[in-house]
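Q: Quick one: the structure is below, and I'll ask about it shortly.
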There are 4 protein chains.
Amino acid sequence: MDVVNVFDYERLAAAKLAPSAWDYYQSGADDEVTLGANRAAFARIWLRPRFMRDVGQIEMATTVLGTPVSMPILVAPTALHGLAHPDGECATAPAVGAEGTLMIVSDSASRCMEDIAAVATGPLWYQLYAADRETTEAHVRRATEAGYRAIVLTVDAPRWGRKERALRSDFDQPPQVIYGNYASTETKRAIMPLTWEVFDWLRTLTPVPFLLKGILTAEDAELAVAHGAAGIVVSNHGGRQLDSAIPSIVALPEIVAAVGDRCAVYMDGGIRRGTDVLKALALGAQAVLVGRPILWGLAAAGPAGVQSVLALLRDEFAQALALAGCATLADITPALLRMGF
Amino acid sequence: MDVVNVFDYERLAAAKLAPSAWDYYQSGADDEVTLGANRAAFARIWLRPRFMRDVGQIEMATTVLGTPVSMPILVAPTALHGLAHPDGECATAPAVGAEGTLMIVSDSASRCMEDIAAVATGPLWYQLYAADRETTEAHVRRATEAGYRAIVLTVDAPRWGRKERALRSDFDQPPQVIYGNYASTETKRAIMPLTWEVFDWLRTLTPVPFLLKGILTAEDAELAVAHGAAGIVVSNHGGRQLDSAIPSIVALPEIVAAVGDRCAVYMDGGIRRGTDVLKALALGAQAVLVGRPILWGLAAAGPAGVQSVLALLRDEFAQALALAGCATLADITPALLRMGF
Amino acid sequence: MDVVNVFDYERLAAAKLAPSAWDYYQSGADDEVTLGANRAAFARIWLRPRFMRDVGQIEMATTVLGTPVSMPILVAPTALHGLAHPDGECATAPAVGAEGTLMIVSDSASRCMEDIAAVATGPLWYQLYAADRETTEAHVRRATEAGYRAIVLTVDAPRWGRKERALRSDFDQPPQVIYGNYASTETKRAIMPLTWEVFDWLRTLTPVPFLLKGILTAEDAELAVAHGAAGIVVSNHGGRQLDSAIPSIVALPEIVAAVGDRCAVYMDGGIRRGTDVLKALALGAQAVLVGRPILWGLAAAGPAGVQSVLALLRDEFAQALALAGCATLADITPALLRMGF
Amino acid sequence: MDVVNVFDYERLAAAKLAPSAWDYYQSGADDEVTLGANRAAFARIWLRPRFMRDVGQIEMATTVLGTPVSMPILVAPTALHGLAHPDGECATAPAVGAEGTLMIVSDSASRCMEDIAAVATGPLWYQLYAADRETTEAHVRRATEAGYRAIVLTVDAPRWGRKERALRSDFDQPPQVIYGNYASTETKRAIMPLTWEVFDWLRTLTPVPFLLKGILTAEDAELAVAHGAAGIVVSNHGGRQLDSAIPSIVALPEIVAAVGDRCAVYMDGGIRRGTDVLKALALGAQAVLVGRPILWGLAAAGPAGVQSVLALLRDEFAQALALAGCATLADITPALLRMGF
């Protein structure tokens with residue numbers, strides 16, 4: 001058996017991608033402390049499985065901001081799928097839809113959001129960066145127009161993180177891989193200072209709900225709720241922004257405690273196994289986002305690879321639920337966990 | 001000196017077994033986090049030995065559910081001994097009896113329970129999986145008939161764990177190695193949802209006592225007592241079911257605290273040294289079960305290897321008792337331990 | 001891209017320096033436990049970044065004992081720059097000034113303090129060892145005369161630490177590299193017992209303020225304040241004196257708590273990244289000192305290397321501030337941190 | 001510089017000794033968990049040095065049970081010096097005396113206690129094992145007669161630990177290396193159960209004071225005091241008896257707290273550096289014992305090697321005292337330490 005888990009796609013992608021594209025995808029900021037810790041933190045959380053429950057039928061369908069999805073595993077926004085596949089996000093999106101879940105399209109996609117929406121077969125959210133004011137406003141309006149059901153505003157990138165591994169391998173965007181949502185690379189580079197006032201203004205531009213992605217503290221989570229965010233994505237940008245930022249799964253509980261049921265809480269960072277999903281949900285996340293594994297699947301085997309990655313995670317999550325005694329997501333509670341040992 | 005401890009049998013077995021059989025025996029689920037942690041957790045428990053006590057005579061004979069055994073080290077149920085020896089469990093059972101201890105025969109044995117009982121020279125318990133209703137009932141009745149003194153119902157396998165190492169080496173059961181208790185592989189594959197109601201029903205089928213194997217929480221231990229279990233085996237199935245399940249030795253104390261003397265508590269998972277046995281008993285287990293080392297002994301040297309493994313563990317346990325100042329099992333108390341440092 | 005961080009200068013310096021000079025610079029005392037722990041301790045401190053703040057303009061200029069500096073990153077005193085560059089500290093000082101920050105000139109400099117002051121383009125402090133009474137007094141008076149704005153008295157060297165790595169490579173000072181402030185190596189070797197009385201006397205010799213470098217406990221910090229120290233440098237001498245001395249960043253909080261705003265607190269030991277600076281300031285340091293990286297830059301590329309190292313650290317610190325939501329140093333608070341996990 | 005610390009003698013001894021002798025000296029019991037932990041535990045204890053104290057003159061002479069020694073570093077009893085040097089303990093003893101400290105002669109010495117006493121130039125204690133009753137009594141009387149100033153009764157060896165490394169290398173005592181205190185190897189092998197009653201009886205045989213070596217718990221320390229022990233040696237026999245016994249330095253504080261000033265407390269296990277000695281004394285030991293390093297010195301360079309090892313440790317301890325701000329042993333307090341981080 002050649003492919004038994006998502007790490008196999010990592011291996012296959014490494015062999016297929018151009019080295020500089022590989023480094024661009026894989027790298028974290030600086031010493032990659034947070035990148036490693038995102039993953040290592042899961043290994044310190046033990047599961048306390050319950051037994052003698054009827055788990056013959058596992059039900060993991062749920063909704064995210066009212067949108068039904070087949071499982072609480074969503075596709076995180078990641079940049080430039082064009083490095084992994086000639087059709088870029090237009091290859092990814094239908095594959096995600098085929099698995100019944102939601103894709104958060106990156107503002108830094110290599111295809112424009114309208115093209116992606118046109119081929120998508122499942123629900124889409126649009127991840128937004130703060131570019132210059134006009135561009136940002138245009139992106140919000142275009143995303144609304146194109147049917148994206150929510151805007152996921154990334155808050156953790158007032159500057160770009162320094163991905164040293166990528167710098168060393170001289171990552172140079174191939175000419176045919178462009179930022180599909182931007183008129184030019186120059187426009188892409190401009191960053192408007194993002195503040196709560198900007199967020200208040202952005203919310204006036206569209207009726208679709210906003211999520212804030214990158215929140216890592218209870219303090220900011222409180223502010224997010226106060227400013228009308230419909231959801232929070234606890235994230236450190238896959239370890240690509242502030243190195244030694246707290247691992248997402250470690251930050252999650254204080255944010256869940258802070259917001260209660262006042263807004264939805266999702267998380268990303270280091271999800272590679274079904275048991276990781278279970279742990280995140282037991283700590284209060286309503287769903288998780290998966291980033292790099294989707295790129296691995298896309299690079300290794302195109303849309304079929306994306307589907308396979310999602311299917312592997314779904315199967316593993318079903319397995320984890322069954323073996324932990326949970327027939328439905330409602331059976332997941334904090335008592336499933338024991339920290340450290 | 002070639003063989004000084006059970007790890008030597010591990011090495012010898014690795015050289016003797018077919019690679020795919022080796023992988024099947026050794027593997028744990030997924031990333032084998034729990035497999036490794038079962039063992040690593042023992043290294044964090046320090047012994048506080050007592051001295052100036054007469055330990056010239058060590059007494060370790062005890063009883064398990066009323067059955068006398070030469071030591072509090074039992075043989076855990078493990079599948080398909082036929083991979084290690086042509087006579088399978090019929091080679092193992094007499095060797096275990098010769099060492100004066102008890103064997104828990106696996107429902108997945110390669111020989112049928114009646115044949116094993118016929119050659120056994122010591123007490124036997126029967127480990128039961130929930131197959132389809134008729135098969136399960138038949139197994140309980142057959143085990144009772146064949147003289148098995150208890151039924152050890154495995155609760156942690158509503159699905160089979162994914163042993164990726166075995167999947168990669170394409171474990172394929174050799175045709176001559178069959179599931180001896182089952183009419184066919186198809187029957188073997190059916191799993192009846194196991195619930196407390198099923199357990200209540202199973203108990204009506206036989207006068208022999210039931211133990212529940214795989215319990216990892218105080219909550220389930222409470223339920224086990226409430227539903228009439230005579231004993232609990234704290235276990236994560238040797239790390240082969242839910243990966244990142246809590247290590248057995250870490251779960252043990254909360255279960256001992258929960259059940260008090262209302263039922264017997266045993267444990268398995270990572271027992272490789274006499275000091276491991278001492279630690280488990282100091283944390284409240286009444287006996288431990290040893291799994292893979294028995295297979296190593298059987299593969300390396302047949303029944304003599306099984307006896308040798310058990311003799312090594314007995315000698316090491318006697319040594320540990322003596323050096324810790326315990327002449328009898330009654331001298332073992334929680335004060336012998338100090339956690340972490 | 002060849003140089004992306006200060007570790008690249010470490011690599012380049014290793015290739016350029018004479019092996020015994022390299023060992024002399026790099027070595028710590030004994031087993032180098034403290035040397036390693038200085039660095040490892042930072043990896044256990046997580047950042048809790050804040051977002052949606054206007055960090056378009058980062059302001060990191062500050063003052064140290066009233067002297068303006070471009071950033072809270074100062075140059076630690078390190079010995080014998082002549083091993084790294086023919087002009088020794090006279091190469092380093094102008095480069096430090098060009099980056100707008102302050103250099104603490106080592107009493108063990110290979111050039112005399114007057115020559116260094118003559119070429120310096122930024123503020124200087126003089127690091128003082130207790131030699132014999134006359135020499136020490138002369139150094140204080142000469143430093144005052146030469147315009148050094150503070151005296152940094154090293155308290156942690158009543159004896160020289162045993163740098164075994166350097167001993168093994170038979171570090172032998174090349175004849176052209178001398179202790180520029182001393183008449184002879186003999187004078188350099190004499191050490192006057194340093195006590196609080198000696199400190200009281202030293203303060204009478206000059207109007208310039210004194211800092212005490214090497215303090216690692218709240219108790220000594222209290223005494224430092226009581227005896228009129230204007231500042232403390234929390235330091236274990238880069239792990240070169242007492243091995244297994246507490247890492248500087250671990251000692252810092254108790255000292256900050258003890259002195260409050262009664263004197264300035266700086267720290268050195270293991271600062272290699274902008275995020276390290278941020279962590280030290282969040283724990284209460286008003287600035288940090290950087291030692292070995294300056295030597296790496298000097299050895300690898302002369303004054304331009306020194307500037308490059310300082311520029312790298314400034315850029316990284318600006319990046320860390322921005323990504324953590326701090327536009328100014330005043331925005332740095334203990335709430336930015338979470339210890340361990 | 002070839003030899004800078006005691007680990008250099010370890011390296012030199014490894015090259016000089018017969019492999020089986022090397023394994024015999026170096027090995028610990030079973031998995032050598034305690035052997036390693038004895039050492040690793042020191043690395044988790046941080047020093048909080050104090051400064052600005054006059055440490056120009058370091059005074060480390062002290063007394064042990066009234067006997068003056070040049071430093072609180074004694075020589076632990078270790079067996080069969082004849083494996084390392086043709087003169088065995090008769091080579092070691094004068095070297096120890098030349099360094100002004102005390103040697104605890106092993107009951108398992110390769111030379112008889114009278115011969116060793118005859119050549120010794122410093123104070124001696126006699127380490128006693130419980131052999132058969134007559135032999136044991138004879139040893140006590142002979143040791144008293146020969147002028148040994150105390151009897152150090154080893155309590156942790158009701159059985160011999162299993163040193164697997166030595167078993168594997170088939171350690172076979174060379175015919176010329178004998179147990180000098182025993183009439184025959186048979187006599188040596190007999191072990192009398194050692195109890196508090198035996199201890200009470202032993203005390204009646206001699207006016208010299210008794211120490212108990214191997215105590216690892218406050219409970220046994222209390223009993224030791226109650227039964228008239230003049231001192232305790234906190235020890236796990238260099239990791240050679242009960243594997244996973246608590247590291248000596250970790251056990252030390254509870255024993256110091258239990259006995260207060262009612263009896264002397266010494267410790268051994270993992271002392272390799274002057275800072276280790278300082279840590280042990282800060283935790284309440286009045287002196288430490290050094291075992292294997294003495295054998296390394298003896299094997300590498302004969303009596304001169306023994307002296308060199310002791311001189312290295314003395315110099316390192318003086319260095320540690322000076323750099324921690326302690327001019328005398330009375331300046332050592334628990335406040336010098338900070339555990340973990």
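FYI, nothing fancy with the structure tokens labels: chains A, B, ... in order, residues from 1 per chain, ligands from 1 as they appear.
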Would you write out, as a tab-separated table, a table of all residues in chain D that have an atom no more than 6 Å from an atom of chain C, listing for each the closest atom pair and the distance in Å to one decimal, considering only C-alpha atoms and ordering rows by chain and rising residue number?
A:
residue	atom	partner	partner_atom	distance
D:Met1	CA	C:Arg168	CA	5.1
D:Trp46	CA	C:Ile246	CA	5.0
D:Leu47	CA	C:Ala245	CA	4.5
D:Met52	CA	C:Thr195	CA	4.1
D:Arg53	CA	C:Thr195	CA	5.0
D:Asp54	CA	C:Pro193	CA	5.4
D:Gly56	CA	C:Pro193	CA	5.9
D:Leu323	CA	C:Leu242	CA	5.9
Q: Kindly export the residues of the current selection with all heavy atoms, as a PDB file, in the first residue's frame.
A:
ATOM      1  N   MET D   1      46.192  21.055  25.496  1.00  0.00           N
ATOM      2  CA  MET D   1      45.971  20.543  26.852  1.00  0.00           C
ATOM      3  C   MET D   1      45.179  19.246  26.748  1.00  0.00           C
ATOM      4  O   MET D   1      44.081  19.224  26.175  1.00  0.00           O
ATOM      5  CB  MET D   1      45.169  21.570  27.661  1.00  0.00           C
ATOM      6  CG  MET D   1      45.479  21.536  29.138  1.00  0.00           C
ATOM      7  SD  MET D   1      44.493  22.837  29.924  1.00  0.00           S
ATOM      8  CE  MET D   1      45.340  23.015  31.482  1.00  0.00           C
ATOM      9  N   TRP D  46      19.699  24.844  38.545  1.00  0.00           N
ATOM     10  CA  TRP D  46      20.413  26.062  38.152  1.00  0.00           C
ATOM     11  C   TRP D  46      21.012  26.744  39.367  1.00  0.00           C
ATOM     12  O   TRP D  46      20.411  26.751  40.448  1.00  0.00           O
ATOM     13  CB  TRP D  46      19.476  27.015  37.414  1.00  0.00           C
ATOM     14  CG  TRP D  46      18.946  26.392  36.179  1.00  0.00           C
ATOM     15  CD1 TRP D  46      17.708  25.869  36.000  1.00  0.00           C
ATOM     16  CD2 TRP D  46      19.656  26.155  34.953  1.00  0.00           C
ATOM     17  NE1 TRP D  46      17.594  25.340  34.740  1.00  0.00           N
ATOM     18  CE2 TRP D  46      18.772  25.501  34.081  1.00  0.00           C
ATOM     19  CE3 TRP D  46      20.948  26.447  34.506  1.00  0.00           C
ATOM     20  CZ2 TRP D  46      19.148  25.116  32.787  1.00  0.00           C
ATOM     21  CZ3 TRP D  46      21.313  26.069  33.234  1.00  0.00           C
ATOM     22  CH2 TRP D  46      20.423  25.419  32.380  1.00  0.00           C
ATOM     23  N   LEU D  47      22.163  27.332  39.155  1.00  0.00           N
ATOM     24  CA  LEU D  47      22.828  28.072  40.230  1.00  0.00           C
ATOM     25  C   LEU D  47      22.455  29.549  40.160  1.00  0.00           C
ATOM     26  O   LEU D  47      22.395  30.133  39.083  1.00  0.00           O
ATOM     27  CB  LEU D  47      24.344  27.907  40.126  1.00  0.00           C
ATOM     28  CG  LEU D  47      24.835  26.501  40.465  1.00  0.00           C
ATOM     29  CD1 LEU D  47      26.300  26.326  40.083  1.00  0.00           C
ATOM     30  CD2 LEU D  47      24.655  26.218  41.965  1.00  0.00           C
ATOM     31  N   MET D  52      30.211  40.285  44.408  1.00  0.00           N
ATOM     32  CA  MET D  52      30.706  41.402  45.208  1.00  0.00           C
ATOM     33  C   MET D  52      31.039  40.954  46.633  1.00  0.00           C
ATOM     34  O   MET D  52      30.882  41.709  47.588  1.00  0.00           O
ATOM     35  CB  MET D  52      29.678  42.548  45.257  1.00  0.00           C
ATOM     36  CG  MET D  52      29.211  43.038  43.897  1.00  0.00           C
ATOM     37  SD  MET D  52      30.524  43.888  42.999  1.00  0.00           S
ATOM     38  CE  MET D  52      30.150  45.575  43.468  1.00  0.00           C
ATOM     39  N   ARG D  53      31.466  39.720  46.728  1.00  0.00           N
ATOM     40  CA  ARG D  53      31.900  39.194  48.013  1.00  0.00           C
ATOM     41  C   ARG D  53      33.377  38.849  47.879  1.00  0.00           C
ATOM     42  O   ARG D  53      33.827  38.444  46.806  1.00  0.00           O
ATOM     43  CB  ARG D  53      31.114  37.934  48.349  1.00  0.00           C
ATOM     44  CG  ARG D  53      29.628  38.210  48.556  1.00  0.00           C
ATOM     45  CD  ARG D  53      28.887  36.888  48.521  1.00  0.00           C
ATOM     46  NE  ARG D  53      27.561  37.006  49.112  1.00  0.00           N
ATOM     47  CZ  ARG D  53      26.799  35.985  49.440  1.00  0.00           C
ATOM     48  NH1 ARG D  53      27.231  34.745  49.238  1.00  0.00           N
ATOM     49  NH2 ARG D  53      25.610  36.159  49.964  1.00  0.00           N
ATOM     50  N   ASP D  54      34.082  38.954  48.941  1.00  0.00           N
ATOM     51  CA  ASP D  54      35.518  38.663  48.881  1.00  0.00           C
ATOM     52  C   ASP D  54      35.736  37.151  48.854  1.00  0.00           C
ATOM     53  O   ASP D  54      35.638  36.470  49.871  1.00  0.00           O
ATOM     54  CB  ASP D  54      36.227  39.278  50.090  1.00  0.00           C
ATOM     55  CG  ASP D  54      37.742  39.073  49.975  1.00  0.00           C
ATOM     56  OD1 ASP D  54      38.191  38.309  49.076  1.00  0.00           O
ATOM     57  OD2 ASP D  54      38.468  39.670  50.776  1.00  0.00           O
ATOM     58  N   GLY D  56      38.551  35.923  47.482  1.00  0.00           N
ATOM     59  CA  GLY D  56      39.967  35.790  47.142  1.00  0.00           C
ATOM     60  C   GLY D  56      40.594  34.581  47.815  1.00  0.00           C
ATOM     61  O   GLY D  56      41.544  33.972  47.307  1.00  0.00           O
ATOM     62  N   LEU D 323      32.947  31.592  42.081  1.00  0.00           N
ATOM     63  CA  LEU D 323      32.054  32.207  41.092  1.00  0.00           C
ATOM     64  C   LEU D 323      30.618  32.304  41.585  1.00  0.00           C
ATOM     65  O   LEU D 323      29.812  33.044  41.027  1.00  0.00           O
ATOM     66  CB  LEU D 323      32.120  31.438  39.770  1.00  0.00           C
ATOM     67  CG  LEU D 323      33.474  31.497  39.046  1.00  0.00           C
ATOM     68  CD1 LEU D 323      33.413  30.723  37.737  1.00  0.00           C
ATOM     69  CD2 LEU D 323      33.887  32.948  38.772  1.00  0.00           C
TER      70      LEU D 323
END
Q: From the DSSP assignment of the backbone, select every residue of segment 84-298 of chain B that is strand (DSSP E), and format the answer as an mmCIF file with N, CA, C and O atoms, in the first residue's frame.
A:
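The result, written out as out.cif:
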data_model
loop_
_atom_site.group_PDB
_atom_site.id
_atom_site.type_symbol
_atom_site.label_atom_id
_atom_site.label_comp_id
_atom_site.auth_asym_id
_atom_site.auth_seq_id
_atom_site.Cartn_x
_atom_site.Cartn_y
_atom_site.Cartn_z
ATOM 1 N N MET B 103 -3.046 -17.770 31.028
ATOM 2 C CA MET B 103 -3.027 -17.252 29.657
ATOM 3 C C MET B 103 -4.424 -16.803 29.278
ATOM 4 O O MET B 103 -5.405 -17.507 29.510
ATOM 5 N N ILE B 104 -4.469 -15.606 28.690
ATOM 6 C CA ILE B 104 -5.731 -15.146 28.128
ATOM 7 C C ILE B 104 -5.664 -15.448 26.639
ATOM 8 O O ILE B 104 -4.864 -14.863 25.906
ATOM 9 N N VAL B 105 -6.473 -16.392 26.232
ATOM 10 C CA VAL B 105 -6.454 -16.832 24.846
ATOM 11 C C VAL B 105 -7.225 -15.837 23.999
ATOM 12 O O VAL B 105 -8.332 -15.429 24.349
ATOM 13 N N LEU B 124 -6.903 -20.778 32.074
ATOM 14 C CA LEU B 124 -7.121 -19.975 30.866
ATOM 15 C C LEU B 124 -8.293 -19.032 31.055
ATOM 16 O O LEU B 124 -9.272 -19.363 31.728
ATOM 17 N N TRP B 125 -8.178 -17.849 30.465
ATOM 18 C CA TRP B 125 -9.325 -16.964 30.283
ATOM 19 C C TRP B 125 -9.508 -16.816 28.784
ATOM 20 O O TRP B 125 -8.551 -16.965 28.023
ATOM 21 N N TYR B 126 -10.722 -16.469 28.407
ATOM 22 C CA TYR B 126 -10.978 -16.314 26.988
ATOM 23 C C TYR B 126 -11.241 -14.847 26.670
ATOM 24 O O TYR B 126 -12.131 -14.223 27.258
ATOM 25 N N GLN B 127 -10.464 -14.321 25.732
ATOM 26 C CA GLN B 127 -10.702 -12.934 25.303
ATOM 27 C C GLN B 127 -11.727 -12.935 24.194
ATOM 28 O O GLN B 127 -11.595 -13.664 23.206
ATOM 29 N N LEU B 128 -12.734 -12.102 24.331
ATOM 30 C CA LEU B 128 -13.862 -12.110 23.411
ATOM 31 C C LEU B 128 -13.976 -10.797 22.659
ATOM 32 O O LEU B 128 -13.907 -9.714 23.257
ATOM 33 N N ILE B 151 -14.245 -14.587 31.004
ATOM 34 C CA ILE B 151 -14.317 -14.010 29.665
ATOM 35 C C ILE B 151 -13.792 -12.572 29.764
ATOM 36 O O ILE B 151 -14.246 -11.797 30.607
ATOM 37 N N VAL B 152 -12.842 -12.280 28.911
ATOM 38 C CA VAL B 152 -12.263 -10.935 28.891
ATOM 39 C C VAL B 152 -12.773 -10.235 27.639
ATOM 40 O O VAL B 152 -12.272 -10.464 26.538
ATOM 41 N N LEU B 153 -13.790 -9.414 27.834
ATOM 42 C CA LEU B 153 -14.424 -8.769 26.688
ATOM 43 C C LEU B 153 -13.644 -7.506 26.311
ATOM 44 O O LEU B 153 -13.509 -6.578 27.111
ATOM 45 N N THR B 154 -13.158 -7.478 25.078
ATOM 46 C CA THR B 154 -12.420 -6.299 24.606
ATOM 47 C C THR B 154 -13.408 -5.226 24.193
ATOM 48 O O THR B 154 -14.256 -5.464 23.332
ATOM 49 N N PHE B 210 -16.943 -11.952 33.983
ATOM 50 C CA PHE B 210 -16.485 -11.144 32.848
ATOM 51 C C PHE B 210 -15.502 -10.075 33.324
ATOM 52 O O PHE B 210 -15.685 -9.470 34.377
ATOM 53 N N LEU B 211 -14.484 -9.872 32.508
ATOM 54 C CA LEU B 211 -13.632 -8.692 32.668
ATOM 55 C C LEU B 211 -13.810 -7.832 31.426
ATOM 56 O O LEU B 211 -14.118 -8.348 30.344
ATOM 57 N N LEU B 212 -13.603 -6.529 31.597
ATOM 58 C CA LEU B 212 -13.655 -5.627 30.453
ATOM 59 C C LEU B 212 -12.250 -5.118 30.188
ATOM 60 O O LEU B 212 -11.613 -4.542 31.067
ATOM 61 N N LYS B 213 -11.797 -5.358 28.973
ATOM 62 C CA LYS B 213 -10.426 -4.991 28.607
ATOM 63 C C LYS B 213 -10.426 -3.803 27.659
ATOM 64 O O LYS B 213 -11.099 -3.819 26.625
ATOM 65 N N GLY B 214 -9.664 -2.777 28.018
ATOM 66 C CA GLY B 214 -9.557 -1.600 27.170
ATOM 67 C C GLY B 214 -10.069 -0.336 27.840
ATOM 68 O O GLY B 214 -9.953 0.749 27.288
ATOM 69 N N ILE B 215 -10.602 -0.483 29.046
ATOM 70 C CA ILE B 215 -11.121 0.674 29.802
ATOM 71 C C ILE B 215 -9.956 1.623 30.099
ATOM 72 O O ILE B 215 -8.895 1.199 30.551
ATOM 73 N N GLY B 231 -13.838 -7.646 36.709
ATOM 74 C CA GLY B 231 -12.508 -7.063 36.618
ATOM 75 C C GLY B 231 -12.390 -6.150 35.413
ATOM 76 O O GLY B 231 -13.228 -6.172 34.500
ATOM 77 N N ILE B 232 -11.347 -5.329 35.465
ATOM 78 C CA ILE B 232 -11.059 -4.394 34.383
ATOM 79 C C ILE B 232 -9.611 -4.607 33.972
ATOM 80 O O ILE B 232 -8.742 -4.782 34.832
ATOM 81 N N VAL B 233 -9.363 -4.609 32.676
ATOM 82 C CA VAL B 233 -7.984 -4.565 32.198
ATOM 83 C C VAL B 233 -7.752 -3.187 31.578
ATOM 84 O O VAL B 233 -8.286 -2.878 30.508
ATOM 85 N N VAL B 234 -6.993 -2.366 32.304
ATOM 86 C CA VAL B 234 -6.650 -1.046 31.782
ATOM 87 C C VAL B 234 -5.674 -1.267 30.632
ATOM 88 O O VAL B 234 -4.611 -1.865 30.817
ATOM 89 N N ALA B 264 -11.656 -6.170 40.397
ATOM 90 C CA ALA B 264 -10.208 -6.324 40.197
ATOM 91 C C ALA B 264 -9.748 -5.409 39.069
ATOM 92 O O ALA B 264 -10.489 -5.150 38.126
ATOM 93 N N VAL B 265 -8.525 -4.914 39.185
ATOM 94 C CA VAL B 265 -7.954 -4.071 38.123
ATOM 95 C C VAL B 265 -6.608 -4.651 37.682
ATOM 96 O O VAL B 265 -5.716 -4.857 38.507
ATOM 97 N N TYR B 266 -6.502 -4.929 36.409
ATOM 98 C CA TYR B 266 -5.248 -5.371 35.812
ATOM 99 C C TYR B 266 -4.836 -4.336 34.773
ATOM 100 O O TYR B 266 -5.597 -3.424 34.463
ATOM 101 N N MET B 267 -3.641 -4.458 34.229
ATOM 102 C CA MET B 267 -3.250 -3.518 33.175
ATOM 103 C C MET B 267 -2.296 -4.193 32.214
ATOM 104 O O MET B 267 -1.619 -5.158 32.581
ATOM 105 N N ASP B 268 -2.243 -3.690 30.994
ATOM 106 C CA ASP B 268 -1.179 -4.082 30.086
ATOM 107 C C ASP B 268 -0.728 -2.857 29.307
ATOM 108 O O ASP B 268 -1.312 -1.783 29.411
ATOM 109 N N ALA B 287 -2.458 -7.267 38.902
ATOM 110 C CA ALA B 287 -1.537 -8.056 38.081
ATOM 111 C C ALA B 287 -1.374 -7.320 36.764
ATOM 112 O O ALA B 287 -2.149 -6.401 36.460
ATOM 113 N N VAL B 288 -0.371 -7.701 36.012
ATOM 114 C CA VAL B 288 -0.172 -7.112 34.690
ATOM 115 C C VAL B 288 -0.245 -8.208 33.643
ATOM 116 O O VAL B 288 -0.102 -9.396 33.940
ATOM 117 N N LEU B 289 -0.455 -7.779 32.404
ATOM 118 C CA LEU B 289 -0.495 -8.704 31.278
ATOM 119 C C LEU B 289 0.677 -8.361 30.352
ATOM 120 O O LEU B 289 0.967 -7.194 30.129
ATOM 121 N N VAL B 290 1.274 -9.407 29.821
ATOM 122 C CA VAL B 290 2.397 -9.210 28.897
ATOM 123 C C VAL B 290 2.016 -9.766 27.540
ATOM 124 O O VAL B 290 1.586 -10.926 27.453
#
Q: Just asking: which residues within segment 108-156 of chain C are helix (DSSP H, G or I) according to DSSP, as number ranges by chain?
A: C: 113-119, 133-145
Q: Leaving out Val55 of chain A and any residue of its chain fewer than 3 positions from it, which residues lie within 8 Å of it when counting only C-alpha atoms, given as a ChimeraX atom specification?
A: /A:58,322,325-327 /B:158,193
Q: Give me, please, the distance in Å between atom CA of His139 of chain B and atom CA of Asn181 of chain B, quoted to one decimal.
A: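 Computed distance, atom CA of His139 of chain B to atom CA of Asn181 of chain B, equals 7.8 Å.
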Q: Using only C-alpha atoms, determine which residues lie at most 8 Å from Ala61 of chain D, disregarding the query and same-chain residues fewer than 4 positions distant; provide the list as a VMD selection string.
A: chain D and resid 68 to 72
Q: To one decimal place, how far is atom CA of Gly97 of chain D from atom CA of Val309 of chain D in Å?
A: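 Separation of atom CA of Gly97 of chain D and atom CA of Val309 of chain D: 13.1 Å.
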Q: My list of candidates is A:Ala138, A:Ala318, A:Leu80, A:Leu313. Which is closest to Pro293 of chain A when distances are computed with only C-alpha atoms?
A: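 Of all the options, A:Leu313 lies closest to Pro293 of chain A.
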Q: Any idea what's packed within 6 Å of Tyr9 of chain A, counting only C-alpha atoms, ignoring anything in its chain fewer than 3 positions away? Could you give it as a ChimeraX atom specification?
A: /A:6,12-13,296-297
